[in-house]
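The file start02.pdb comes next; it holds PDB, C-alpha atoms and all ligand atoms.
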```
ATOM      1  CA  MET U   1      58.362  22.872-167.058
ATOM      2  CA  SER U   2      55.449  22.938-169.477
ATOM      3  CA  LYS U   3      52.032  21.314-169.413
ATOM      4  CA  VAL U   4      51.948  18.823-172.276
ATOM      5  CA  ALA U   5      48.863  16.989-173.579
ATOM      6  CA  TRP U   6      49.377  13.835-175.643
ATOM      7  CA  ILE U   7      46.667  12.465-177.948
ATOM      8  CA  GLY U   8      47.120   8.915-179.326
ATOM      9  CA  LEU U   9      49.161   6.348-177.389
ATOM     10  CA  GLY U  10      49.732   3.829-180.173
ATOM     11  CA  VAL U  11      52.910   1.991-181.142
ATOM     12  CA  MET U  12      54.615   5.351-181.763
ATOM     13  CA  GLY U  13      52.815   7.767-179.441
ATOM     14  CA  TYR U  14      53.115   5.696-176.262
ATOM     15  CA  PRO U  15      56.924   5.729-176.043
ATOM     16  CA  MET U  16      57.214   9.257-177.509
ATOM     17  CA  ALA U  17      54.994  10.636-174.732
ATOM     18  CA  GLY U  18      57.087   8.634-172.269
ATOM     19  CA  HIS U  19      60.275  10.395-173.399
ATOM     20  CA  ILE U  20      58.672  13.819-172.977
ATOM     21  CA  ARG U  21      57.842  12.890-169.392
ATOM     22  CA  GLU U  22      61.131  11.146-168.541
ATOM     23  CA  LYS U  23      63.705  13.165-170.464
ATOM     24  CA  GLY U  24      61.903  16.511-170.465
ATOM     25  CA  GLY U  25      60.331  16.289-166.994
ATOM     26  CA  HIS U  26      57.170  17.999-168.287
ATOM     27  CA  ASP U  27      53.690  17.579-166.763
ATOM     28  CA  LEU U  28      51.764  15.146-168.952
ATOM     29  CA  ILE U  29      48.064  14.600-169.497
ATOM     30  CA  VAL U  30      47.274  11.807-171.952
ATOM     31  CA  TYR U  31      44.213  10.847-173.985
ATOM     32  CA  ASN U  32      43.685   7.608-175.887
ATOM     33  CA  ARG U  33      40.471   6.543-177.639
ATOM     34  CA  THR U  34      40.787   3.097-176.041
ATOM     35  CA  PRO U  35      41.110   4.192-172.386
ATOM     36  CA  GLU U  36      42.976   1.081-171.215
ATOM     37  CA  LYS U  37      46.094   2.247-173.059
ATOM     38  CA  ALA U  38      45.997   5.611-171.276
ATOM     39  CA  ALA U  39      45.574   3.824-167.920
ATOM     40  CA  LYS U  40      48.558   1.610-168.763
ATOM     41  CA  TRP U  41      50.601   4.689-169.650
ATOM     42  CA  THR U  42      49.877   6.415-166.323
ATOM     43  CA  ASP U  43      50.756   3.179-164.500
ATOM     44  CA  GLN U  44      54.159   3.330-166.147
ATOM     45  CA  TYR U  45      54.797   7.095-166.083
ATOM     46  CA  ASP U  46      53.779  10.078-163.951
ATOM     47  CA  GLY U  47      50.796  11.837-165.478
ATOM     48  CA  GLU U  48      47.044  12.225-165.681
ATOM     49  CA  THR U  49      44.495  10.879-168.113
ATOM     50  CA  ALA U  50      41.781  12.870-169.906
ATOM     51  CA  ALA U  51      38.411  11.578-171.095
ATOM     52  CA  THR U  52      38.490  13.583-174.345
ATOM     53  CA  PRO U  53      41.049  15.435-176.496
ATOM     54  CA  ALA U  54      39.298  18.685-175.466
ATOM     55  CA  GLU U  55      39.824  17.937-171.787
ATOM     56  CA  ALA U  56      43.486  17.081-172.381
ATOM     57  CA  ALA U  57      44.084  20.327-174.290
ATOM     58  CA  GLN U  58      42.293  22.829-172.080
ATOM     59  CA  ASN U  59      45.244  23.910-169.900
ATOM     60  CA  ALA U  60      48.079  22.604-172.037
ATOM     61  CA  ASP U  61      50.994  24.684-173.382
ATOM     62  CA  PHE U  62      51.794  21.979-175.944
ATOM     63  CA  ILE U  63      49.418  19.428-177.461
ATOM     64  CA  PHE U  64      51.085  16.529-179.274
ATOM     65  CA  MET U  65      49.072  14.187-181.497
ATOM     66  CA  CYS U  66      50.008  10.874-183.116
ATOM     67  CA  VAL U  67      46.929   9.208-184.621
ATOM     68  CA  GLY U  68      46.319   7.348-187.898
ATOM     69  CA  ASN U  69      45.317   9.476-190.879
ATOM     70  CA  ASP U  70      43.633  12.715-191.998
ATOM     71  CA  ASP U  71      40.151  11.634-190.857
ATOM     72  CA  ASP U  72      41.411  10.662-187.409
ATOM     73  CA  LEU U  73      43.201  13.979-187.117
ATOM     74  CA  ARG U  74      40.028  15.882-188.041
ATOM     75  CA  GLN U  75      38.136  14.008-185.332
ATOM     76  CA  VAL U  76      40.632  14.714-182.542
ATOM     77  CA  THR U  77      41.135  18.356-183.510
ATOM     78  CA  LEU U  78      37.990  19.814-185.122
ATOM     79  CA  GLY U  79      35.447  17.261-183.818
ATOM     80  CA  PRO U  80      32.951  18.157-181.040
ATOM     81  CA  ASP U  81      35.336  16.988-178.266
ATOM     82  CA  GLY U  82      38.406  17.964-180.242
ATOM     83  CA  VAL U  83      41.537  19.801-179.171
ATOM     84  CA  PHE U  84      40.544  23.024-180.945
ATOM     85  CA  SER U  85      37.373  23.423-178.871
ATOM     86  CA  THR U  86      39.442  24.218-175.746
ATOM     87  CA  LEU U  87      42.813  25.283-177.164
ATOM     88  CA  LYS U  88      44.167  28.231-175.179
ATOM     89  CA  GLU U  89      45.752  31.296-176.767
ATOM     90  CA  GLY U  90      49.514  30.871-177.162
ATOM     91  CA  ALA U  91      49.361  27.066-177.020
ATOM     92  CA  ILE U  92      51.249  25.029-179.633
ATOM     93  CA  VAL U  93      49.835  21.941-181.356
ATOM     94  CA  VAL U  94      52.439  19.494-182.711
ATOM     95  CA  ASP U  95      51.145  16.784-185.028
ATOM     96  CA  ASN U  96      53.353  13.688-185.379
ATOM     97  CA  THR U  97      50.829  11.777-187.524
ATOM     98  CA  THR U  98      51.809  11.004-191.129
ATOM     99  CA  ALA U  99      49.045  12.867-192.970
ATOM    100  CA  SER U 100      48.491  15.104-196.000
ATOM    101  CA  ALA U 101      50.070  18.520-196.447
ATOM    102  CA  GLY U 102      46.543  19.844-197.052
ATOM    103  CA  ILE U 103      45.293  19.017-193.562
ATOM    104  CA  ALA U 104      48.480  20.452-192.056
ATOM    105  CA  ARG U 105      47.765  23.783-193.757
ATOM    106  CA  GLU U 106      44.101  23.618-192.690
ATOM    107  CA  LEU U 107      44.979  22.972-189.034
ATOM    108  CA  HIS U 108      47.696  25.639-189.129
ATOM    109  CA  GLU U 109      45.041  28.168-190.191
ATOM    110  CA  ALA U 110      42.556  26.914-187.586
ATOM    111  CA  ALA U 111      45.181  27.249-184.848
ATOM    112  CA  LYS U 112      46.091  30.741-186.003
ATOM    113  CA  GLY U 113      42.435  31.724-185.745
ATOM    114  CA  LYS U 114      42.617  30.842-182.042
ATOM    115  CA  GLY U 115      45.899  32.673-181.431
ATOM    116  CA  ALA U 116      47.722  29.333-181.199
ATOM    117  CA  GLY U 117      50.536  27.673-183.172
ATOM    118  CA  PHE U 118      50.567  24.499-185.247
ATOM    119  CA  LEU U 119      53.461  22.374-186.498
ATOM    120  CA  ASP U 120      53.193  19.333-188.775
ATOM    121  CA  ALA U 121      55.970  17.084-187.503
ATOM    122  CA  PRO U 122      55.838  13.560-188.971
ATOM    123  CA  VAL U 123      58.563  11.164-187.926
ATOM    124  CA  SER U 124      60.776   8.488-189.397
ATOM    125  CA  GLY U 125      62.594   5.714-187.532
ATOM    126  CA  GLY U 126      59.763   3.291-186.734
ATOM    127  CA  GLN U 127      58.829   1.638-183.473
ATOM    128  CA  ALA U 128      62.485   1.100-182.513
ATOM    129  CA  GLY U 129      63.239   4.784-183.099
ATOM    130  CA  ALA U 130      60.228   5.812-180.998
ATOM    131  CA  GLU U 131      61.175   3.471-178.153
ATOM    132  CA  GLY U 132      64.801   4.600-178.225
ATOM    133  CA  GLY U 133      63.845   8.307-178.505
ATOM    134  CA  VAL U 134      65.943   8.626-181.671
ATOM    135  CA  LEU U 135      63.396   9.595-184.324
ATOM    136  CA  THR U 136      63.995  11.870-187.300
ATOM    137  CA  VAL U 137      61.426  14.671-187.215
ATOM    138  CA  MET U 138      60.499  16.756-190.265
ATOM    139  CA  VAL U 139      58.701  19.938-189.274
ATOM    140  CA  GLY U 140      56.538  22.427-191.134
ATOM    141  CA  GLY U 141      55.324  25.704-189.654
ATOM    142  CA  ASP U 142      56.338  29.130-188.377
ATOM    143  CA  GLU U 143      59.884  29.773-187.136
ATOM    144  CA  ASP U 144      58.892  31.364-183.812
ATOM    145  CA  VAL U 145      56.549  28.463-183.017
ATOM    146  CA  TYR U 146      59.222  25.925-183.977
ATOM    147  CA  ALA U 147      61.781  27.647-181.723
ATOM    148  CA  LYS U 148      59.444  27.234-178.723
ATOM    149  CA  ALA U 149      58.526  23.606-179.477
ATOM    150  CA  GLU U 150      61.988  22.367-180.469
ATOM    151  CA  PRO U 151      63.259  21.540-176.938
ATOM    152  CA  VAL U 152      60.137  19.460-176.251
ATOM    153  CA  ILE U 153      60.309  17.596-179.589
ATOM    154  CA  GLN U 154      64.035  16.958-178.913
ATOM    155  CA  CYS U 155      63.002  14.582-176.107
ATOM    156  CA  PHE U 156      62.225  11.876-178.703
ATOM    157  CA  ALA U 157      64.408  13.006-181.621
ATOM    158  CA  ARG U 158      67.877  12.342-182.934
ATOM    159  CA  ALA U 159      67.468  14.637-185.937
ATOM    160  CA  LEU U 160      65.035  17.525-186.154
ATOM    161  CA  ASN U 161      64.630  20.236-188.756
ATOM    162  CA  LEU U 162      62.226  22.994-189.765
ATOM    163  CA  MET U 163      61.638  22.307-193.460
ATOM    164  CA  GLY U 164      59.553  25.383-194.322
ATOM    165  CA  PRO U 165      55.984  26.670-193.923
ATOM    166  CA  ALA U 166      52.967  24.597-192.826
ATOM    167  CA  GLY U 167      52.773  21.317-194.758
ATOM    168  CA  SER U 168      56.537  21.135-195.437
ATOM    169  CA  GLY U 169      57.072  18.480-192.769
ATOM    170  CA  GLN U 170      54.478  16.243-194.429
ATOM    171  CA  LEU U 171      55.956  16.937-197.890
ATOM    172  CA  THR U 172      59.392  15.881-196.616
ATOM    173  CA  LYS U 173      57.925  12.705-195.123
ATOM    174  CA  MET U 174      56.453  11.963-198.585
ATOM    175  CA  VAL U 175      59.955  12.247-200.080
ATOM    176  CA  ASN U 176      61.132   9.818-197.389
ATOM    177  CA  GLN U 177      58.450   7.265-198.283
ATOM    178  CA  ILE U 178      59.029   7.620-202.048
ATOM    179  CA  CYS U 179      62.748   6.910-201.496
ATOM    180  CA  VAL U 180      62.118   4.020-199.103
ATOM    181  CA  VAL U 181      59.707   2.020-201.264
ATOM    182  CA  GLY U 182      61.998   2.142-204.295
ATOM    183  CA  VAL U 183      64.827   0.785-202.167
ATOM    184  CA  ILE U 184      62.657  -2.006-200.709
ATOM    185  CA  GLN U 185      61.496  -3.096-204.162
ATOM    186  CA  GLY U 186      65.090  -3.035-205.471
ATOM    187  CA  LEU U 187      66.258  -5.122-202.528
ATOM    188  CA  ALA U 188      63.388  -7.597-203.026
ATOM    189  CA  GLU U 189      64.293  -8.001-206.692
ATOM    190  CA  GLY U 190      68.010  -8.387-205.888
ATOM    191  CA  LEU U 191      67.328 -11.102-203.304
ATOM    192  CA  HIS U 192      64.910 -12.869-205.644
ATOM    193  CA  PHE U 193      67.450 -12.778-208.455
ATOM    194  CA  ALA U 194      70.222 -14.072-206.159
ATOM    195  CA  LYS U 195      68.040 -17.002-205.180
ATOM    196  CA  GLN U 196      67.139 -17.831-208.789
ATOM    197  CA  ALA U 197      70.816 -17.594-209.748
ATOM    198  CA  GLY U 198      71.756 -20.076-207.035
ATOM    199  CA  LEU U 199      74.084 -17.647-205.252
ATOM    200  CA  ASP U 200      75.095 -17.949-201.596
ATOM    201  CA  ILE U 201      72.788 -15.140-200.419
ATOM    202  CA  PRO U 202      74.455 -14.379-197.041
ATOM    203  CA  LYS U 203      77.827 -14.173-198.801
ATOM    204  CA  ALA U 204      76.388 -11.941-201.536
ATOM    205  CA  MET U 205      74.720  -9.614-198.998
ATOM    206  CA  ASP U 206      77.790  -9.491-196.785
ATOM    207  CA  THR U 207      79.830  -8.423-199.795
ATOM    208  CA  ILE U 208      77.524  -5.889-201.403
ATOM    209  CA  THR U 209      76.505  -4.154-198.146
ATOM    210  CA  LYS U 210      80.053  -2.776-198.245
ATOM    211  CA  GLY U 211      79.526  -1.319-201.723
ATOM    212  CA  ALA U 212      77.285   1.191-203.487
ATOM    213  CA  ALA U 213      74.106  -0.896-203.045
ATOM    214  CA  GLN U 214      74.244  -0.546-199.254
ATOM    215  CA  SER U 215      71.102   0.761-197.547
ATOM    216  CA  TRP U 216      69.358   0.662-194.160
ATOM    217  CA  GLN U 217      66.866  -1.756-195.689
ATOM    218  CA  MET U 218      69.632  -4.037-196.939
ATOM    219  CA  GLU U 219      71.466  -4.050-193.608
ATOM    220  CA  ASN U 220      68.356  -4.567-191.494
ATOM    221  CA  ARG U 221      65.908  -6.508-193.639
ATOM    222  CA  TRP U 222      67.587  -8.921-196.068
ATOM    223  CA  GLU U 223      67.755 -11.793-193.592
ATOM    224  CA  THR U 224      64.135 -11.515-192.493
ATOM    225  CA  MET U 225      62.976 -11.043-196.089
ATOM    226  CA  ILE U 226      64.484 -14.332-197.247
ATOM    227  CA  ARG U 227      63.034 -16.044-194.159
ATOM    228  CA  ASP U 228      59.549 -14.707-195.014
ATOM    229  CA  GLU U 229      59.307 -12.929-191.647
ATOM    230  CA  PHE U 230      57.073  -9.911-191.841
ATOM    231  CA  ASP U 231      55.403  -9.783-188.458
ATOM    232  CA  TYR U 232      56.965  -6.540-187.133
ATOM    233  CA  GLY U 233      57.964  -3.065-188.224
ATOM    234  CA  PHE U 234      56.014  -0.712-190.466
ATOM    235  CA  ALA U 235      52.726  -2.221-191.618
ATOM    236  CA  VAL U 236      51.601  -2.485-195.251
ATOM    237  CA  ASP U 237      48.353  -0.656-194.358
ATOM    238  CA  TRP U 238      50.357   2.352-193.140
ATOM    239  CA  MET U 239      52.625   2.294-196.201
ATOM    240  CA  ARG U 240      49.622   2.123-198.524
ATOM    241  CA  LYS U 241      48.077   5.104-196.727
ATOM    242  CA  ASP U 242      51.345   7.034-197.055
ATOM    243  CA  LEU U 243      51.720   6.236-200.773
ATOM    244  CA  ALA U 244      48.139   7.309-201.444
ATOM    245  CA  ILE U 245      49.039  10.658-199.844
ATOM    246  CA  CYS U 246      52.187  10.881-202.030
ATOM    247  CA  MET U 247      50.279  10.086-205.229
ATOM    248  CA  ASP U 248      47.588  12.606-204.386
ATOM    249  CA  GLU U 249      50.181  15.320-203.760
ATOM    250  CA  ALA U 250      52.014  14.367-206.987
ATOM    251  CA  ARG U 251      48.769  14.795-208.941
ATOM    252  CA  GLN U 252      48.566  18.326-207.530
ATOM    253  CA  ASN U 253      52.220  19.365-208.014
ATOM    254  CA  GLY U 254      52.778  17.566-211.335
ATOM    255  CA  ALA U 255      55.571  15.275-210.104
ATOM    256  CA  SER U 256      56.048  12.096-212.091
ATOM    257  CA  LEU U 257      56.294   9.002-209.842
ATOM    258  CA  PRO U 258      56.105   5.967-212.155
ATOM    259  CA  VAL U 259      57.883   3.488-209.856
ATOM    260  CA  THR U 260      56.083   4.695-206.717
ATOM    261  CA  ALA U 261      52.729   4.291-208.504
ATOM    262  CA  MET U 262      53.623   0.740-209.448
ATOM    263  CA  ILE U 263      54.750  -0.142-205.928
ATOM    264  CA  GLU U 264      51.537   1.304-204.502
ATOM    265  CA  GLN U 265      49.705  -1.285-206.594
ATOM    266  CA  PHE U 266      52.039  -4.016-205.319
ATOM    267  CA  TYR U 267      51.087  -3.098-201.740
ATOM    268  CA  ASN U 268      47.455  -3.182-202.825
ATOM    269  CA  GLU U 269      48.000  -6.794-203.948
ATOM    270  CA  ILE U 270      49.550  -7.667-200.600
ATOM    271  CA  GLN U 271      46.524  -6.188-198.806
ATOM    272  CA  ARG U 272      44.232  -8.285-201.002
ATOM    273  CA  ALA U 273      46.256 -11.363-200.013
ATOM    274  CA  GLY U 274      45.604 -10.530-196.330
ATOM    275  CA  GLY U 275      48.998  -9.003-195.554
ATOM    276  CA  ASN U 276      47.649  -5.751-194.101
ATOM    277  CA  ARG U 277      49.731  -5.964-190.937
ATOM    278  CA  TRP U 278      52.831  -7.451-192.554
ATOM    279  CA  ASP U 279      55.954  -5.333-192.582
ATOM    280  CA  SER U 280      56.482  -3.192-195.690
ATOM    281  CA  SER U 281      59.458  -5.391-196.677
ATOM    282  CA  SER U 282      56.892  -8.057-197.690
ATOM    283  CA  LEU U 283      57.065  -6.821-201.326
ATOM    284  CA  ILE U 284      59.328  -9.833-201.950
ATOM    285  CA  THR U 285      56.363 -12.200-201.499
ATOM    286  CA  LEU U 286      54.927 -11.052-204.857
ATOM    287  CA  LEU U 287      58.121 -12.085-206.672
ATOM    288  CA  GLU U 288      58.349 -15.459-204.963
ATOM    289  CA  ARG U 289      54.739 -16.225-205.987
ATOM    290  CA  SER U 290      55.236 -15.503-209.689
TER     291      SER U 290
HETATM  292  P1  LIG U 301      48.804   2.723-184.022
HETATM  293  O1  LIG U 301      49.645   1.874-183.128
HETATM  294  O2  LIG U 301      47.708   2.091-184.803
HETATM  295  O3  LIG U 301      48.197   3.888-183.101
HETATM  296  C1  LIG U 301      47.280   4.829-183.600
HETATM  297  C2  LIG U 301      46.797   5.675-182.430
HETATM  298  O4  LIG U 301      45.863   6.634-182.900
HETATM  299  C3  LIG U 301      46.081   4.880-181.347
HETATM  300  O5  LIG U 301      46.348   5.482-180.104
HETATM  301  C4  LIG U 301      44.602   5.047-181.737
HETATM  302  O6  LIG U 301      43.711   4.883-180.659
HETATM  303  C5  LIG U 301      44.634   6.492-182.189
HETATM  304  N1  LIG U 301      43.531   6.819-183.099
HETATM  305  C6  LIG U 301      43.375   6.391-184.381
HETATM  306  N2  LIG U 301      42.257   6.912-184.908
HETATM  307  C7  LIG U 301      41.690   7.672-183.936
HETATM  308  C8  LIG U 301      40.521   8.461-183.880
HETATM  309  N3  LIG U 301      39.700   8.575-184.941
HETATM  310  N4  LIG U 301      40.236   9.103-182.731
HETATM  311  C9  LIG U 301      41.070   8.994-181.667
HETATM  312  N5  LIG U 301      42.194   8.263-181.646
HETATM  313  C10 LIG U 301      42.509   7.611-182.784
HETATM  314  O7  LIG U 301      49.700   3.532-185.072
HETATM  315  P2  LIG U 301      51.233   3.978-184.969
HETATM  316  O8  LIG U 301      52.087   2.901-185.524
HETATM  317  O9  LIG U 301      51.493   4.534-183.625
HETATM  318  O10 LIG U 301      51.246   5.147-186.076
HETATM  319  C11 LIG U 301      50.725   6.432-185.798
HETATM  320  C12 LIG U 301      51.096   7.384-186.933
HETATM  321  O11 LIG U 301      52.526   7.416-187.070
HETATM  322  C13 LIG U 301      50.538   6.976-188.301
HETATM  323  O12 LIG U 301      50.190   8.130-189.024
HETATM  324  C14 LIG U 301      51.715   6.246-188.945
HETATM  325  O13 LIG U 301      51.671   6.302-190.363
HETATM  326  C15 LIG U 301      52.883   7.054-188.397
HETATM  327  N6  LIG U 301      54.169   6.332-188.358
HETATM  328  C16 LIG U 301      54.218   5.041-187.891
HETATM  329  C17 LIG U 301      55.449   4.377-187.859
HETATM  330  C18 LIG U 301      55.559   2.938-187.370
HETATM  331  O14 LIG U 301      56.613   2.305-187.594
HETATM  332  N7  LIG U 301      54.542   2.389-186.712
HETATM  333  C19 LIG U 301      56.601   5.024-188.315
HETATM  334  C20 LIG U 301      56.522   6.338-188.747
HETATM  335  C21 LIG U 301      55.291   6.980-188.775
HETATM  336  P3  LIG U 301      43.227   3.406-180.232
HETATM  337  O15 LIG U 301      44.290   2.903-179.291
HETATM  338  O16 LIG U 301      41.925   3.605-179.563
HETATM  339  O17 LIG U 301      43.110   2.587-181.486
END
```
In structure tokens, write the structure found in this file.
Ligand code: NAP
Amino acid sequence: MSKVAWIGLGVMGYPMAGHIREKGGHDLIVYNRTPEKAAKWTDQYDGETAATPAEAAQNADFIFMCVGNDDDLRQVTLGPDGVFSTLKEGAIVVDNTTASAGIARELHEAAKGKGAGFLDAPVSGGQAGAEGGVLTVMVGGDEDVYAKAEPVIQCFARALNLMGPAGSGQLTKMVNQICVVGVIQGLAEGLHFAKQAGLDIPKAMDTITKGAAQSWQMENRWETMIRDEFDYGFAVDWMRKDLAICMDEARQNGASLPVTAMIEQFYNEIQRAGGNRWDSSSLITLLERS
């Protein structure tokens, strides 16, 4: 069994760390900025708490992180009490945050400088996927490091793949988000049109989910979208952060993302209307208003 440190017990990190303990049987030490969440975690699972990321990392073989964005990652890794200040030689850092490919490459280099490994390993599958331990994990990094970390990551994954060198996991997650937002906007427009046309929406959805328009979003979101229910799932603030990362990367690699750029602005409008914590399927609200 390995010693595993976990940094960031949010909506995603809390259950993911739980699966590493329960399914993997590893020794866990957890850190959370708000200490109450770490105390709650150790009430529920076997494990210790650490006062800082540095303390969590000092004896760990694997250090998993799931925080918010690039700045948060910098703080918990390169900051004064960060993971890299105590990282031991041969340890492996696995980052499950959705962040930029640039910071993944930077942290990969920093880890290398300490004789350690680093994998960027963002996830897809949402809160339900994290709780069920059935996430899709897109990994960037070195093959030998991936081979060692794979059995531990498997504890919370249904699908797991090494996509290429450092940053490739984050680049694949960007592809995921680009594909998802186009589908959500298409579904919102389809539902809006169906309503305007006076169609029986349940009948229309029941029929077309069996055809070429079928998608996860259609199967799981059409009913809540027409009921204006957006108080769950993947928040607009997170989606906006992810699309900003995609647009920034596209500016660097020359990719043309006209629809994604437009939808980023739609999410901006939803934030301005106070929908920061609404689910990302709330794009339909902009059509209903116009
Ligand atoms: P969350 O519930 O807001 O949790 C964020 C966690 O990061 C909390 O434990 C928070 O600590 C910690 N944190 C944030 N900034 C920090 C800092 N500067 N220093 C130390 N700790 C910090 O978010 P989440 O939903 O778990 O999402 C985490 C990551 O997964 C994000 O990158 C998100 O885009 C990605 N993701 C989320 C979903 C989803 O459906 N939620 C799906 C796929 C990917 P506190 O408890 O003290 O605030």
Using only C-alpha atoms and all ligand atoms, tabulate the residues of chain U lying at most 7 Å from any atom of ligand LIG 301 (chain U), each with its closest atom pair and that distance in Å to one decimal, by chain and increasing residue number, as JSON lines.
```
{"residue": "U:Gly8", "atom": "CA", "partner": "U:LIG301", "partner_atom": "O5", "distance": 3.6}
{"residue": "U:Leu9", "atom": "CA", "partner": "U:LIG301", "partner_atom": "O5", "distance": 4.0}
{"residue": "U:Gly10", "atom": "CA", "partner": "U:LIG301", "partner_atom": "O3", "distance": 3.3}
{"residue": "U:Val11", "atom": "CA", "partner": "U:LIG301", "partner_atom": "O1", "distance": 3.8}
{"residue": "U:Met12", "atom": "CA", "partner": "U:LIG301", "partner_atom": "O9", "distance": 3.7}
{"residue": "U:Gly13", "atom": "CA", "partner": "U:LIG301", "partner_atom": "O9", "distance": 5.5}
{"residue": "U:Asn32", "atom": "CA", "partner": "U:LIG301", "partner_atom": "O5", "distance": 5.4}
{"residue": "U:Arg33", "atom": "CA", "partner": "U:LIG301", "partner_atom": "O16", "distance": 3.8}
{"residue": "U:Thr34", "atom": "CA", "partner": "U:LIG301", "partner_atom": "O16", "distance": 3.7}
{"residue": "U:Lys37", "atom": "CA", "partner": "U:LIG301", "partner_atom": "O15", "distance": 6.5}
{"residue": "U:Cys66", "atom": "CA", "partner": "U:LIG301", "partner_atom": "C11", "distance": 5.2}
{"residue": "U:Val67", "atom": "CA", "partner": "U:LIG301", "partner_atom": "O4", "distance": 3.3}
{"residue": "U:Gly68", "atom": "CA", "partner": "U:LIG301", "partner_atom": "O12", "distance": 4.1}
{"residue": "U:Asn69", "atom": "CA", "partner": "U:LIG301", "partner_atom": "O12", "distance": 5.4}
{"residue": "U:Asp71", "atom": "CA", "partner": "U:LIG301", "partner_atom": "N3", "distance": 6.7}
{"residue": "U:Asp72", "atom": "CA", "partner": "U:LIG301", "partner_atom": "N3", "distance": 3.7}
{"residue": "U:Leu73", "atom": "CA", "partner": "U:LIG301", "partner_atom": "N3", "distance": 6.8}
{"residue": "U:Gln75", "atom": "CA", "partner": "U:LIG301", "partner_atom": "N3", "distance": 5.7}
{"residue": "U:Val76", "atom": "CA", "partner": "U:LIG301", "partner_atom": "N4", "distance": 5.6}
{"residue": "U:Asn96", "atom": "CA", "partner": "U:LIG301", "partner_atom": "O11", "distance": 6.5}
{"residue": "U:Thr97", "atom": "CA", "partner": "U:LIG301", "partner_atom": "O12", "distance": 4.0}
{"residue": "U:Thr98", "atom": "CA", "partner": "U:LIG301", "partner_atom": "O12", "distance": 3.9}
{"residue": "U:Ala99", "atom": "CA", "partner": "U:LIG301", "partner_atom": "O12", "distance": 6.3}
{"residue": "U:Pro122", "atom": "CA", "partner": "U:LIG301", "partner_atom": "C21", "distance": 6.6}
{"residue": "U:Val123", "atom": "CA", "partner": "U:LIG301", "partner_atom": "C20", "distance": 5.3}
{"residue": "U:Ser124", "atom": "CA", "partner": "U:LIG301", "partner_atom": "C20", "distance": 4.8}
{"residue": "U:Gly125", "atom": "CA", "partner": "U:LIG301", "partner_atom": "C19", "distance": 6.1}
{"residue": "U:Gly126", "atom": "CA", "partner": "U:LIG301", "partner_atom": "O14", "distance": 3.4}
{"residue": "U:Gln127", "atom": "CA", "partner": "U:LIG301", "partner_atom": "O14", "distance": 4.7}
{"residue": "U:Gly233", "atom": "CA", "partner": "U:LIG301", "partner_atom": "O14", "distance": 5.6}
{"residue": "U:Phe234", "atom": "CA", "partner": "U:LIG301", "partner_atom": "O14", "distance": 4.2}
{"residue": "U:Ala235", "atom": "CA", "partner": "U:LIG301", "partner_atom": "N7", "distance": 7.0}
{"residue": "U:Trp238", "atom": "CA", "partner": "U:LIG301", "partner_atom": "O13", "distance": 5.0}
{"residue": "U:Asp242", "atom": "CA", "partner": "U:LIG301", "partner_atom": "O13", "distance": 6.7}
```
Using the selection just defined, write its residues with C-alpha atoms as a compact mmCIF listing (two decimals), in the frame of the given file.
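Dumped everything to again11.txt:
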```txt
# COMPACT_ATOMS: atom_id res chain seq x y z
CA GLY U 8 47.12 8.91 -179.33
CA LEU U 9 49.16 6.35 -177.39
CA GLY U 10 49.73 3.83 -180.17
CA VAL U 11 52.91 1.99 -181.14
CA MET U 12 54.62 5.35 -181.76
CA GLY U 13 52.82 7.77 -179.44
CA ASN U 32 43.68 7.61 -175.89
CA ARG U 33 40.47 6.54 -177.64
CA THR U 34 40.79 3.10 -176.04
CA LYS U 37 46.09 2.25 -173.06
CA CYS U 66 50.01 10.87 -183.12
CA VAL U 67 46.93 9.21 -184.62
CA GLY U 68 46.32 7.35 -187.90
CA ASN U 69 45.32 9.48 -190.88
CA ASP U 71 40.15 11.63 -190.86
CA ASP U 72 41.41 10.66 -187.41
CA LEU U 73 43.20 13.98 -187.12
CA GLN U 75 38.14 14.01 -185.33
CA VAL U 76 40.63 14.71 -182.54
CA ASN U 96 53.35 13.69 -185.38
CA THR U 97 50.83 11.78 -187.52
CA THR U 98 51.81 11.00 -191.13
CA ALA U 99 49.04 12.87 -192.97
CA PRO U 122 55.84 13.56 -188.97
CA VAL U 123 58.56 11.16 -187.93
CA SER U 124 60.78 8.49 -189.40
CA GLY U 125 62.59 5.71 -187.53
CA GLY U 126 59.76 3.29 -186.73
CA GLN U 127 58.83 1.64 -183.47
CA GLY U 233 57.96 -3.06 -188.22
CA PHE U 234 56.01 -0.71 -190.47
CA ALA U 235 52.73 -2.22 -191.62
CA TRP U 238 50.36 2.35 -193.14
CA ASP U 242 51.34 7.03 -197.06
```
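Using all atoms listed in the file, the nearest neighbour of Leu287 of chain U within the list U:Ala197, U:Ala250, U:Leu257, U:Leu191 is U:Leu191.
Shell of segment 204-208 of chain U at 12 Å, with only C-alpha atoms counted and residues fewer than 6 places along the chain excluded, is Leu187, Gly190, Leu191, Phe193, Ala194, Lys195, Ala197, Gly198, Gln214, Ser215, Gln217, Met218, Glu219, Asn220, Arg221, Trp222, Glu223 and Ile226 of chain U.
For the pair atom CA of Tyr267 of chain U and atom CA of Leu199 of chain U, the separation is 27.4 Å.
Going from atom CA of Leu283 of chain U to atom CA of Gln196 of chain U covers 16.7 Å.
Note that atom CA of Val180 of chain U and atom CA of Leu162 of chain U are 21.1 Å apart.
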Identify all residues satisfying the PyMOL selection byres (((chain U and resi 4) around 6) and not hetatm) in the given file; provide them as a PDB file with C-alpha atoms, in the coordinates of the input.
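Output (out_0.pdb):
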```pdb
ATOM      1  CA  LYS U   3      52.032  21.314-169.413  1.00  0.00           C
ATOM      2  CA  ALA U   5      48.863  16.989-173.579  1.00  0.00           C
ATOM      3  CA  ASP U  27      53.690  17.579-166.763  1.00  0.00           C
ATOM      4  CA  LEU U  28      51.764  15.146-168.952  1.00  0.00           C
ATOM      5  CA  ALA U  60      48.079  22.604-172.037  1.00  0.00           C
ATOM      6  CA  PHE U  62      51.794  21.979-175.944  1.00  0.00           C
ATOM      7  CA  ILE U  63      49.418  19.428-177.461  1.00  0.00           C
TER       8      ILE U  63
END
```
